[in-house]
file my_file.csv (CSV, C-alpha atoms and all ligand atoms)
chain,number,residue,atom,x,y,z
A,1,MET,CA,9.8,-2.1,1.9
A,2,LYS,CA,7.8,-2.4,5.1
A,3,THR,CA,5.8,-5.4,6.3
A,4,ILE,CA,2.6,-4.4,8.0
A,5,LEU,CA,0.5,-6.9,10.0
A,6,SER,CA,-2.6,-6.8,12.1
A,7,GLY,CA,-5.6,-8.8,13.2
A,8,LEU,CA,-8.7,-8.6,15.4
A,9,LYS,CA,-9.8,-11.3,17.8
A,10,PRO,CA,-13.1,-12.9,16.6
A,11,THR,CA,-15.0,-12.8,19.9
A,12,GLY,CA,-18.3,-11.0,20.2
A,13,GLU,CA,-19.6,-8.5,17.8
A,14,MET,CA,-17.3,-5.9,16.4
A,15,THR,CA,-18.0,-2.3,17.3
A,16,ILE,CA,-17.5,1.1,15.6
A,17,GLY,CA,-14.5,1.4,18.0
A,18,ASN,CA,-12.7,-1.6,16.3
A,19,TYR,CA,-13.5,0.0,12.9
A,20,ILE,CA,-12.3,3.5,13.7
A,21,GLY,CA,-9.4,2.5,15.8
A,22,ALA,CA,-8.0,-0.3,13.7
A,23,MET,CA,-9.7,-1.9,10.7
A,24,LYS,CA,-10.5,1.2,8.6
A,25,HIS,CA,-6.9,2.1,8.5
A,26,TRP,CA,-5.6,-1.3,7.3
A,27,PRO,CA,-6.6,-1.1,3.6
A,28,LEU,CA,-4.8,2.3,3.3
A,29,THR,CA,-1.5,0.5,3.9
A,30,GLN,CA,-1.9,-1.7,0.8
A,31,GLY,CA,0.2,-1.1,-2.3
A,32,LYS,CA,2.8,1.6,-1.8
A,33,GLY,CA,5.5,-1.1,-1.9
A,34,ASN,CA,4.4,-2.5,1.5
A,35,LYS,CA,3.9,-6.1,2.2
A,36,THR,CA,0.6,-6.3,4.1
A,37,ILE,CA,-0.7,-9.2,6.1
A,38,PHE,CA,-4.1,-9.3,7.8
A,39,PHE,CA,-5.4,-12.2,9.8
A,40,VAL,CA,-8.1,-13.6,12.1
A,41,PRO,CA,-6.5,-14.7,15.3
A,42,ASN,CA,-9.1,-17.4,16.0
A,43,ALA,CA,-6.9,-19.4,18.4
A,44,HIS,CA,-6.9,-16.3,20.6
A,45,ALA,CA,-10.6,-16.8,21.0
A,46,LEU,CA,-10.0,-20.0,23.0
A,47,THR,CA,-9.0,-18.0,26.1
A,48,ALA,CA,-12.7,-17.8,27.1
A,49,ARG,CA,-15.0,-20.9,26.9
A,50,GLN,CA,-17.0,-20.6,23.7
A,51,ASP,CA,-19.4,-22.6,21.6
A,52,PRO,CA,-17.4,-24.1,18.7
A,53,LYS,CA,-20.1,-23.2,16.2
A,54,GLU,CA,-19.8,-19.6,17.4
A,55,ILE,CA,-16.0,-19.5,17.0
A,56,ARG,CA,-16.3,-20.8,13.5
A,57,LYS,CA,-19.0,-18.3,12.6
A,58,ARG,CA,-17.2,-15.3,14.0
A,59,THR,CA,-14.0,-16.3,12.3
A,60,LEU,CA,-15.7,-16.2,8.9
A,61,ASP,CA,-17.6,-13.1,9.9
A,62,LEU,CA,-14.4,-11.3,10.7
A,63,ALA,CA,-12.7,-12.5,7.5
A,64,ALA,CA,-15.7,-11.1,5.5
A,65,TRP,CA,-15.3,-7.8,7.4
A,66,LEU,CA,-11.7,-7.7,6.3
A,67,LEU,CA,-12.8,-7.9,2.7
A,68,THR,CA,-15.6,-5.5,3.3
A,69,VAL,CA,-13.4,-2.7,4.6
A,70,GLY,CA,-11.2,-3.0,1.5
A,71,ILE,CA,-8.5,-5.6,2.1
A,72,ASP,CA,-7.8,-7.1,-1.2
A,73,PRO,CA,-6.5,-10.6,-1.4
A,74,LYS,CA,-4.5,-9.7,-4.5
A,75,GLU,CA,-2.6,-7.1,-2.6
A,76,SER,CA,-2.5,-8.5,0.9
A,77,THR,CA,-2.1,-11.9,2.5
A,78,ILE,CA,-5.3,-12.8,4.4
A,79,LEU,CA,-4.9,-15.8,6.7
A,80,ILE,CA,-6.5,-17.6,9.5
A,81,GLN,CA,-4.3,-18.2,12.5
A,82,SER,CA,-5.3,-21.8,13.0
A,83,MET,CA,-4.6,-22.7,9.4
A,84,VAL,CA,-0.9,-21.8,9.9
A,85,SER,CA,0.5,-24.1,12.6
A,86,ALA,CA,3.7,-22.2,12.8
A,87,HIS,CA,1.9,-19.7,15.0
A,88,SER,CA,1.4,-22.2,17.8
A,89,GLU,CA,4.8,-23.7,17.4
A,90,LEU,CA,6.6,-20.4,17.7
A,91,PHE,CA,4.3,-19.5,20.6
A,92,TRP,CA,5.6,-22.4,22.7
A,93,ILE,CA,9.2,-21.6,21.9
A,94,LEU,CA,8.7,-17.9,22.9
A,95,ASP,CA,6.9,-18.9,26.1
A,96,ASN,CA,10.4,-19.7,27.2
A,97,TYR,CA,11.8,-16.3,26.5
A,98,VAL,CA,9.3,-14.3,28.5
A,99,THR,CA,8.9,-14.2,32.3
A,100,MET,CA,5.9,-14.4,34.5
A,101,GLY,CA,6.8,-11.0,35.8
A,102,GLU,CA,6.5,-9.5,32.4
A,103,LEU,CA,3.1,-11.2,31.8
A,104,ASN,CA,1.9,-10.1,35.2
A,105,ARG,CA,2.3,-6.5,34.1
A,106,MET,CA,0.0,-6.8,31.1
A,107,THR,CA,-3.0,-4.6,31.9
A,108,GLN,CA,-5.4,-6.4,29.7
A,109,PHE,CA,-4.7,-9.6,31.6
A,110,LYS,CA,-5.0,-7.9,35.0
A,111,ASP,CA,-8.3,-6.4,34.1
A,112,LYS,CA,-9.8,-9.6,32.6
A,113,SER,CA,-8.6,-11.9,35.3
A,114,LYS,CA,-9.9,-9.6,38.0
A,115,LYS,CA,-13.4,-9.9,36.5
A,116,LEU,CA,-13.2,-13.7,36.1
A,117,GLY,CA,-13.3,-16.2,39.0
A,118,PRO,CA,-10.4,-18.6,39.5
A,119,GLU,CA,-12.1,-21.0,37.0
A,120,GLY,CA,-11.8,-18.5,34.2
A,121,GLN,CA,-8.2,-17.7,34.8
A,122,LEU,CA,-6.8,-19.9,32.2
A,123,VAL,CA,-3.1,-20.2,31.4
A,124,GLY,CA,-4.0,-19.3,27.8
A,125,LEU,CA,-5.4,-16.0,28.9
A,126,TYR,CA,-2.2,-15.4,30.7
A,127,SER,CA,0.1,-16.2,27.8
A,128,TYR,CA,-2.2,-14.6,25.2
A,129,PRO,CA,0.4,-11.9,24.5
A,130,VAL,CA,3.0,-14.5,23.7
A,131,LEU,CA,0.9,-16.0,21.0
A,132,MET,CA,0.4,-12.5,19.7
A,133,ALA,CA,4.2,-12.1,19.7
A,134,ALA,CA,4.5,-15.2,17.6
A,135,ASP,CA,1.9,-13.9,15.1
A,136,ILE,CA,3.9,-10.7,14.7
A,137,LEU,CA,7.5,-12.1,14.7
A,138,LEU,CA,6.9,-15.0,12.2
A,139,TYR,CA,6.4,-12.5,9.3
A,140,ASP,CA,9.2,-10.0,10.1
A,141,SER,CA,6.5,-7.3,10.7
A,142,ASN,CA,7.8,-3.8,11.0
A,143,GLU,CA,4.5,-2.1,11.9
A,144,VAL,CA,1.4,-3.3,13.7
A,145,PRO,CA,-1.5,-0.9,13.3
A,146,VAL,CA,-3.7,-1.5,16.4
A,147,GLY,CA,-6.0,0.3,18.9
A,148,GLU,CA,-4.5,1.7,22.0
A,149,ASP,CA,-5.2,-1.4,24.2
A,150,GLN,CA,-2.8,-3.5,22.1
A,151,ILE,CA,0.3,-1.2,22.4
A,152,GLN,CA,1.6,-2.9,25.5
A,153,HIS,CA,1.4,-6.3,23.8
A,154,VAL,CA,3.4,-5.0,20.8
A,155,GLU,CA,6.0,-3.5,23.1
A,156,LEU,CA,6.3,-6.9,24.9
A,157,THR,CA,6.8,-8.5,21.5
A,158,ARG,CA,9.6,-6.1,20.8
A,159,ASP,CA,11.3,-7.0,24.1
A,160,ILE,CA,11.0,-10.7,23.4
A,161,ALA,CA,12.4,-10.3,19.9
A,162,ASN,CA,15.3,-8.2,21.2
A,163,ARG,CA,16.1,-10.8,23.9
A,164,PHE,CA,16.1,-13.6,21.4
A,165,ASN,CA,18.2,-11.7,18.9
A,166,LYS,CA,20.8,-10.9,21.6
A,167,LEU,CA,21.1,-14.6,22.4
A,168,TYR,CA,21.2,-16.1,19.0
A,169,GLY,CA,21.9,-13.3,16.5
A,170,ASP,CA,19.5,-11.4,14.3
A,171,THR,CA,16.4,-13.5,13.9
A,172,PHE,CA,13.4,-11.3,14.4
A,173,VAL,CA,12.5,-7.8,13.2
A,174,LEU,CA,11.6,-5.5,16.1
A,175,PRO,CA,8.0,-4.4,15.4
A,176,LYS,CA,6.4,-1.2,16.5
A,177,ALA,CA,2.7,-0.4,17.1
A,178,THR,CA,1.1,2.3,15.1
A,179,VAL,CA,-2.0,3.9,16.4
A,180,PRO,CA,-4.2,6.6,14.7
A,181,LYS,CA,-4.0,10.1,16.2
A,182,TYR,CA,-7.7,10.1,16.9
A,183,GLY,CA,-10.1,7.2,17.5
A,184,ALA,CA,-7.5,4.8,18.9
A,185,ARG,CA,-9.6,4.5,22.0
A,186,ILE,CA,-13.3,5.1,21.4
A,187,MET,CA,-15.2,5.3,24.7
A,188,SER,CA,-18.6,4.0,25.9
A,189,LEU,CA,-21.6,6.1,24.8
A,190,ASP,CA,-23.0,6.3,28.3
A,191,GLU,CA,-19.8,6.3,30.3
A,192,PRO,CA,-17.0,8.2,28.6
A,193,SER,CA,-14.4,7.1,31.2
A,194,VAL,CA,-14.5,3.4,30.0
A,195,LYS,CA,-13.6,2.0,26.7
A,196,MET,CA,-16.4,1.0,24.3
A,197,SER,CA,-16.7,-2.7,24.5
A,198,LYS,CA,-19.0,-5.3,23.1
A,199,SER,CA,-19.0,-7.1,26.4
A,200,ASP,CA,-20.6,-4.1,28.1
A,201,HIS,CA,-24.4,-3.5,28.0
A,202,PRO,CA,-25.9,-2.7,24.6
A,203,ASP,CA,-26.6,1.0,25.1
A,204,SER,CA,-22.9,1.6,25.6
A,205,TYR,CA,-21.7,0.5,22.1
A,206,ILE,CA,-22.6,0.4,18.5
A,207,ALA,CA,-22.0,-2.8,16.6
A,208,LEU,CA,-20.9,-2.9,13.0
A,209,GLY,CA,-24.0,-4.9,12.2
A,210,GLU,CA,-26.5,-2.5,13.9
A,211,ASP,CA,-29.5,-1.2,12.1
A,212,LYS,CA,-30.3,2.5,11.4
A,213,ASP,CA,-33.0,3.1,14.0
A,214,SER,CA,-31.0,1.6,16.8
A,215,VAL,CA,-27.8,3.6,15.8
A,216,ILE,CA,-29.8,6.9,15.8
A,217,LYS,CA,-31.5,6.1,19.1
A,218,LYS,CA,-28.2,5.3,20.8
A,219,PHE,CA,-26.5,8.5,19.7
A,220,LYS,CA,-29.6,10.4,20.8
A,221,ARG,CA,-29.3,8.9,24.3
A,222,ALA,CA,-25.5,9.2,24.5
A,223,VAL,CA,-24.3,11.2,27.5
A,224,THR,CA,-22.9,14.7,26.9
A,225,ASP,CA,-21.0,17.1,29.1
A,226,SER,CA,-22.5,19.8,31.2
A,227,ASP,CA,-22.1,22.8,28.8
A,228,SER,CA,-23.5,22.7,25.3
A,229,VAL,CA,-20.7,23.7,23.0
A,230,VAL,CA,-19.6,21.2,20.3
A,231,SER,CA,-15.9,21.5,20.8
A,232,TYR,CA,-13.0,19.1,21.4
A,233,ASP,CA,-11.4,19.0,24.8
A,234,LYS,CA,-10.7,15.4,26.0
A,235,ALA,CA,-9.9,16.3,29.6
A,236,ALA,CA,-12.7,18.8,30.3
A,237,LYS,CA,-15.4,17.4,27.9
A,238,PRO,CA,-14.7,13.7,27.5
A,239,ALA,CA,-18.3,12.8,26.3
A,240,ILE,CA,-18.6,15.2,23.4
A,241,SER,CA,-14.9,14.7,22.5
A,242,ASN,CA,-15.6,11.0,22.1
A,243,LEU,CA,-18.5,11.7,19.9
A,244,ILE,CA,-16.4,14.1,17.8
A,245,GLU,CA,-13.8,11.4,17.4
A,246,ILE,CA,-16.5,9.1,16.1
A,247,TYR,CA,-17.7,11.8,13.8
A,248,ILE,CA,-14.3,12.4,12.2
A,249,GLY,CA,-13.7,8.6,12.1
A,250,PHE,CA,-16.8,8.4,9.8
A,251,THR,CA,-16.4,11.5,7.7
A,252,ASP,CA,-12.6,12.2,7.5
A,253,LYS,CA,-13.3,15.8,8.5
A,254,SER,CA,-10.9,17.4,10.9
A,255,ILE,CA,-11.8,18.4,14.4
A,256,GLU,CA,-11.6,22.1,13.5
A,257,GLU,CA,-14.0,21.6,10.6
A,258,VAL,CA,-16.5,19.9,12.9
A,259,GLU,CA,-16.2,22.7,15.4
A,260,VAL,CA,-16.9,25.3,12.8
A,261,LEU,CA,-19.7,23.3,11.3
A,262,TYR,CA,-21.5,23.1,14.7
A,263,GLU,CA,-20.7,26.6,16.0
A,264,GLY,CA,-23.7,28.0,17.8
A,265,LYS,CA,-25.6,24.7,17.4
A,266,ARG,CA,-26.7,22.4,20.2
A,267,TYR,CA,-25.6,18.9,21.2
A,268,GLY,CA,-29.0,17.5,20.0
A,269,GLU,CA,-28.5,18.6,16.4
A,270,PHE,CA,-24.9,17.3,16.4
A,271,LYS,CA,-26.0,13.9,17.8
A,272,GLN,CA,-28.8,13.6,15.3
A,273,ASP,CA,-26.4,14.3,12.4
A,274,LEU,CA,-23.9,11.8,13.8
A,275,GLY,CA,-26.6,9.1,14.0
A,276,ILE,CA,-27.4,9.6,10.4
A,277,ILE,CA,-23.8,9.7,9.2
A,278,VAL,CA,-22.8,6.6,11.1
A,279,SER,CA,-25.9,4.6,10.2
A,280,ASP,CA,-25.6,5.4,6.5
A,281,LYS,CA,-22.0,4.3,6.4
A,282,LEU,CA,-22.8,1.1,8.4
A,283,ALA,CA,-25.7,0.3,6.0
A,284,GLU,CA,-23.2,0.6,3.1
A,285,LEU,CA,-20.7,-1.7,4.8
A,286,GLN,CA,-23.3,-4.2,5.9
A,287,HIS,CA,-24.5,-4.5,2.3
A,288,LYS,CA,-21.0,-5.4,1.2
A,289,PHE,CA,-20.5,-7.7,4.2
A,290,GLU,CA,-23.6,-9.7,3.4
A,291,ASP,CA,-22.4,-10.2,-0.1
A,292,TYR,CA,-19.0,-11.6,1.0
A,293,ARG,CA,-20.6,-13.6,3.8
A,294,ALA,CA,-23.3,-15.2,1.6
A,295,ASP,CA,-20.8,-17.2,-0.4
A,296,GLU,CA,-19.0,-19.2,2.2
A,297,ALA,CA,-17.2,-21.5,-0.2
A,298,SER,CA,-15.5,-18.6,-2.0
A,299,LEU,CA,-14.6,-17.0,1.3
A,300,ILE,CA,-13.0,-20.1,2.6
A,301,GLU,CA,-11.1,-20.5,-0.7
A,302,ILE,CA,-9.6,-17.0,-0.2
A,303,LEU,CA,-8.6,-17.9,3.3
A,304,GLU,CA,-7.0,-21.2,2.3
A,305,GLN,CA,-5.0,-19.5,-0.5
A,306,GLY,CA,-3.9,-16.7,1.8
A,307,SER,CA,-3.0,-19.2,4.6
A,308,ALA,CA,-1.0,-21.3,2.1
A,309,LYS,CA,1.0,-18.3,1.1
A,310,ALA,CA,1.6,-17.4,4.8
A,311,ARG,CA,2.8,-21.0,5.6
A,312,GLN,CA,5.6,-20.6,3.2
A,313,ILE,CA,7.0,-17.5,5.0
A,314,ALA,CA,6.1,-18.8,8.5
A,315,ASP,CA,7.6,-22.3,8.1
A,316,LYS,CA,10.9,-20.8,6.9
A,317,LYS,CA,11.1,-18.7,10.1
A,318,ILE,CA,10.3,-21.7,12.3
A,319,ILE,CA,13.1,-23.7,10.7
A,320,GLU,CA,15.5,-20.9,11.3
A,321,VAL,CA,14.4,-20.5,14.9
A,322,LYS,CA,14.5,-24.2,15.7
A,323,SER,CA,18.0,-24.6,14.3
A,324,LYS,CA,19.3,-21.6,16.3
A,325,ILE,CA,18.0,-23.0,19.6
A,326,GLY,CA,19.0,-26.6,19.0
A,327,LEU,CA,15.7,-28.2,18.2
A,328,LEU,CA,15.9,-30.9,15.5
B,1,LIG,N1,-4.9,-9.0,20.5
B,1,LIG,C1,-5.6,-8.5,19.3
B,1,LIG,C2,-7.1,-8.2,19.7
B,1,LIG,O1,-7.5,-8.3,20.8
B,1,LIG,C3,-5.6,-9.5,18.2
B,1,LIG,C4,-4.3,-10.0,17.8
B,1,LIG,C5,-3.8,-11.2,18.0
B,1,LIG,C6,-3.3,-9.2,17.1
B,1,LIG,N2,-2.5,-11.3,17.4
B,1,LIG,C7,-2.2,-10.1,16.9
B,1,LIG,C8,-3.3,-7.9,16.6
B,1,LIG,C9,-1.1,-9.6,16.2
B,1,LIG,C10,-2.1,-7.5,16.0
B,1,LIG,C11,-1.0,-8.3,15.7
B,1,LIG,O2,-7.8,-7.9,18.9
call {"tool": "encode", "arguments": {"input": "my_file.csv", "output": "structure tokens"}}
result
Amino acid sequence: MKTILSGLKPTGEMTIGNYIGAMKHWPLTQGKGNKTIFFVPNAHALTARQDPKEIRKRTLDLAAWLLTVGIDPKESTILIQSMVSAHSELFWILDNYVTMGELNRMTQFKDKSKKLGPEGQLVGLYSYPVLMAADILLYDSNEVPVGEDQIQHVELTRDIANRFNKLYGDTFVLPKATVPKYGARIMSLDEPSVKMSKSDHPDSYIALGEDKDSVIKKFKRAVTDSDSVVSYDKAAKPAISNLIEIYIGFTDKSIEEVEVLYEGKRYGEFKQDLGIIVSDKLAELQHKFEDYRADEASLIEILEQGSAKARQIADKKIIEVKSKIGLL
């Protein structure tokens, strides 16, 4: 039996990149004898100053999205990070089993801190990957399905776990990141050399909540490469290759099938079809999302039940860890 765990930080709107690269794969891991845990790492949202009302809203939005994509509270444990205090407790302990040198190498921290002034370079942003390690290690997770940008954090988690196990005997399972073959890194629609991001300008990304006209318009405007053949070649044709990855992410067709389908056709036709495919699927998802989101009391009830279940596992791990390192 495997334990599979993942989460998405509730900051900003979610994009189709989050969906194709991570979320859409999560429900497929349910059943099959796996233990599946999906959570909203809301404490991770504190690393940038936010309006408290916004954090609350986005946390519940994300929880509703988990249900929308098919995570079933009967099959999976769904929890909110801040409802299980063991996460922050283990975080502090693990902070003492990781060096500043290791955290200095985290590319996400390097990128973010470069963009922020000294005022924004909070210690929490720096130790963000250690809280993530605590999230993963508390539940003996074997696999962590994530987008490409999180691989480095899962590898660090593995190093921390290994170090701890060597010092105190087997305590933590060594996790590994699993990323989808295609779609793990969806790029910006107008700049295919940078990752699609909700913090970029609106034409560069498509949000999960976006309406039909806007989706179609954005794909129409999306940059393409200098030739006009709809074929996949990431190095030579990064723009159309990115759009093909989005296409297969929303249709479950293979790259070859898409190439055959659009043989002899122009980019314009492909982009128009893509706009319709994506906006239809988003409309279907948005409809479900609205249903889950409308009943906040039931949503919170699901999260409280899931978090209570999680506390039983996490608290046990904390007791084991504390006793091993000599904390009463
Ligand atoms: N860092 C992830 C993100 O940016 C969120 C996250 C926090 C996470 N803890 C995790 C993902 C543990 C997987 C496992 O979205």
call {"tool": "closest_residue", "arguments": {"input": "my_file.csv", "among": "A:Ser197, A:Ser76, A:Thr251, A:Thr59", "to": "Ile4 of chain A", "atoms": "only C-alpha atoms"}}
result
A:Ser76
call {"tool": "closest_residue", "arguments": {"input": "my_file.csv", "among": "A:His201, A:Lys317, A:Lys9, A:Lys195", "to": "ligand LIG 1 (chain B)", "atoms": "all atoms listed in the file"}}
result
A:Lys9
call {"tool": "atom_distance", "arguments": {"input": "my_file.csv", "atom1": "atom CA of Glu284 of chain A", "atom2": "atom CA of Lys74 of chain A"}}
result
22.7 Å
call {"tool": "residues_near_ligand", "arguments": {"input": "my_file.csv", "ligand": "ligand LIG 1 (chain B)", "cutoff": "9 Å", "atoms": "all atoms listed in the file", "output": "PyMOL selection string"}}
result
chain A and resi 5-11+18+38-44+81+128-136+144-147+149-150+153-154+177
call {"tool": "closest_residue", "arguments": {"input": "my_file.csv", "among": "A:Arg185, A:Thr36, A:Ile55, A:Thr15", "to": "Glu75 of chain A", "atoms": "all atoms listed in the file"}}
result
A:Thr36
call {"tool": "closest_atom_pairs", "arguments": {"input": "my_file.csv", "of": "segment 57-124 of chain A", "to": "segment 159-164 of chain A", "cutoff": "12 Å", "atoms": "all atoms listed in the file", "output": "CSV"}}
result
residue,atom,partner,partner_atom,distance
A:Leu90,CA,A:Ala161,CA,11.9
A:Phe91,CA,A:Ile160,CA,11.4
A:Ile93,CA,A:Phe164,CA,10.6
A:Leu94,CA,A:Ile160,CA,7.6
A:Asp95,CA,A:Ile160,CA,9.6
A:Asn96,CA,A:Ile160,CA,9.8
A:Tyr97,CA,A:Ile160,CA,6.5
A:Val98,CA,A:Ile160,CA,6.5
A:Thr99,CA,A:Ile160,CA,9.8
A:Glu102,CA,A:Asp159,CA,9.9
A:Leu103,CA,A:Ile160,CA,11.5
call {"tool": "build_atoms", "arguments": {"input": "my_file.csv", "residues": "segment 67-93 of chain A", "atoms": "N, CA and C atoms", "output": "mmCIF file, keeping the file's coordinate frame"}}
result
data_model
loop_
_atom_site.group_PDB
_atom_site.id
_atom_site.type_symbol
_atom_site.label_atom_id
_atom_site.label_comp_id
_atom_site.auth_asym_id
_atom_site.auth_seq_id
_atom_site.Cartn_x
_atom_site.Cartn_y
_atom_site.Cartn_z
ATOM 1 N N LEU A 67 -12.555 -8.174 4.110
ATOM 2 C CA LEU A 67 -12.800 -7.900 2.700
ATOM 3 C C LEU A 67 -13.689 -6.667 2.535
ATOM 4 N N THR A 68 -14.678 -6.569 3.411
ATOM 5 C CA THR A 68 -15.600 -5.500 3.300
ATOM 6 C C THR A 68 -14.945 -4.097 3.466
ATOM 7 N N VAL A 69 -14.004 -3.985 4.391
ATOM 8 C CA VAL A 69 -13.400 -2.700 4.600
ATOM 9 C C VAL A 69 -12.361 -2.364 3.478
ATOM 10 N N GLY A 70 -12.084 -3.338 2.635
ATOM 11 C CA GLY A 70 -11.200 -3.000 1.500
ATOM 12 C C GLY A 70 -9.910 -3.772 1.442
ATOM 13 N N ILE A 71 -9.754 -4.784 2.262
ATOM 14 C CA ILE A 71 -8.500 -5.600 2.100
ATOM 15 C C ILE A 71 -8.674 -6.504 0.952
ATOM 16 N N ASP A 72 -7.695 -6.407 0.081
ATOM 17 C CA ASP A 72 -7.800 -7.100 -1.200
ATOM 18 C C ASP A 72 -6.844 -8.251 -1.250
ATOM 19 N N PRO A 73 -7.382 -9.447 -1.424
ATOM 20 C CA PRO A 73 -6.500 -10.600 -1.400
ATOM 21 C C PRO A 73 -5.439 -10.632 -2.480
ATOM 22 N N LYS A 74 -5.586 -9.785 -3.478
ATOM 23 C CA LYS A 74 -4.500 -9.700 -4.500
ATOM 24 C C LYS A 74 -3.364 -8.862 -3.994
ATOM 25 N N GLU A 75 -3.652 -7.960 -3.072
ATOM 26 C CA GLU A 75 -2.600 -7.100 -2.600
ATOM 27 C C GLU A 75 -2.055 -7.502 -1.223
ATOM 28 N N SER A 76 -2.912 -8.134 -0.424
ATOM 29 C CA SER A 76 -2.500 -8.500 0.900
ATOM 30 C C SER A 76 -2.645 -10.003 1.121
ATOM 31 N N THR A 77 -1.928 -10.502 2.100
ATOM 32 C CA THR A 77 -2.100 -11.900 2.500
ATOM 33 C C THR A 77 -3.170 -11.924 3.595
ATOM 34 N N ILE A 78 -4.224 -12.679 3.383
ATOM 35 C CA ILE A 78 -5.300 -12.800 4.400
ATOM 36 C C ILE A 78 -5.225 -14.239 4.917
ATOM 37 N N LEU A 79 -5.042 -14.397 6.217
ATOM 38 C CA LEU A 79 -4.900 -15.800 6.700
ATOM 39 C C LEU A 79 -5.707 -15.962 8.002
ATOM 40 N N ILE A 80 -5.890 -17.243 8.295
ATOM 41 C CA ILE A 80 -6.500 -17.600 9.500
ATOM 42 C C ILE A 80 -5.445 -18.259 10.414
ATOM 43 N N GLN A 81 -5.340 -17.771 11.625
ATOM 44 C CA GLN A 81 -4.300 -18.200 12.500
ATOM 45 C C GLN A 81 -4.195 -19.742 12.631
ATOM 46 N N SER A 82 -5.352 -20.380 12.790
ATOM 47 C CA SER A 82 -5.300 -21.800 13.000
ATOM 48 C C SER A 82 -4.973 -22.618 11.744
ATOM 49 N N MET A 83 -4.934 -21.955 10.599
ATOM 50 C CA MET A 83 -4.600 -22.700 9.400
ATOM 51 C C MET A 83 -3.041 -22.642 9.158
ATOM 52 N N VAL A 84 -2.333 -21.916 10.010
ATOM 53 C CA VAL A 84 -0.900 -21.800 9.900
ATOM 54 C C VAL A 84 -0.286 -22.291 11.217
ATOM 55 N N SER A 85 0.115 -23.554 11.276
ATOM 56 C CA SER A 85 0.500 -24.100 12.600
ATOM 57 C C SER A 85 1.748 -23.525 13.167
ATOM 58 N N ALA A 86 2.532 -22.864 12.337
ATOM 59 C CA ALA A 86 3.700 -22.200 12.800
ATOM 60 C C ALA A 86 3.438 -21.220 13.973
ATOM 61 N N HIS A 87 2.231 -20.661 13.978
ATOM 62 C CA HIS A 87 1.900 -19.700 15.000
ATOM 63 C C HIS A 87 1.961 -20.368 16.407
ATOM 64 N N SER A 88 1.331 -21.544 16.513
ATOM 65 C CA SER A 88 1.400 -22.200 17.800
ATOM 66 C C SER A 88 2.715 -22.788 18.142
ATOM 67 N N GLU A 89 3.445 -23.146 17.110
ATOM 68 C CA GLU A 89 4.800 -23.700 17.400
ATOM 69 C C GLU A 89 5.735 -22.623 17.900
ATOM 70 N N LEU A 90 5.715 -21.472 17.260
ATOM 71 C CA LEU A 90 6.600 -20.400 17.700
ATOM 72 C C LEU A 90 6.126 -19.910 19.120
ATOM 73 N N PHE A 91 4.837 -19.944 19.324
ATOM 74 C CA PHE A 91 4.300 -19.500 20.600
ATOM 75 C C PHE A 91 4.916 -20.315 21.757
ATOM 76 N N TRP A 92 4.983 -21.636 21.625
ATOM 77 C CA TRP A 92 5.600 -22.400 22.700
ATOM 78 C C TRP A 92 7.049 -22.080 22.917
ATOM 79 N N ILE A 93 7.743 -21.893 21.809
ATOM 80 C CA ILE A 93 9.200 -21.600 21.900
ATOM 81 C C ILE A 93 9.319 -20.220 22.676
#
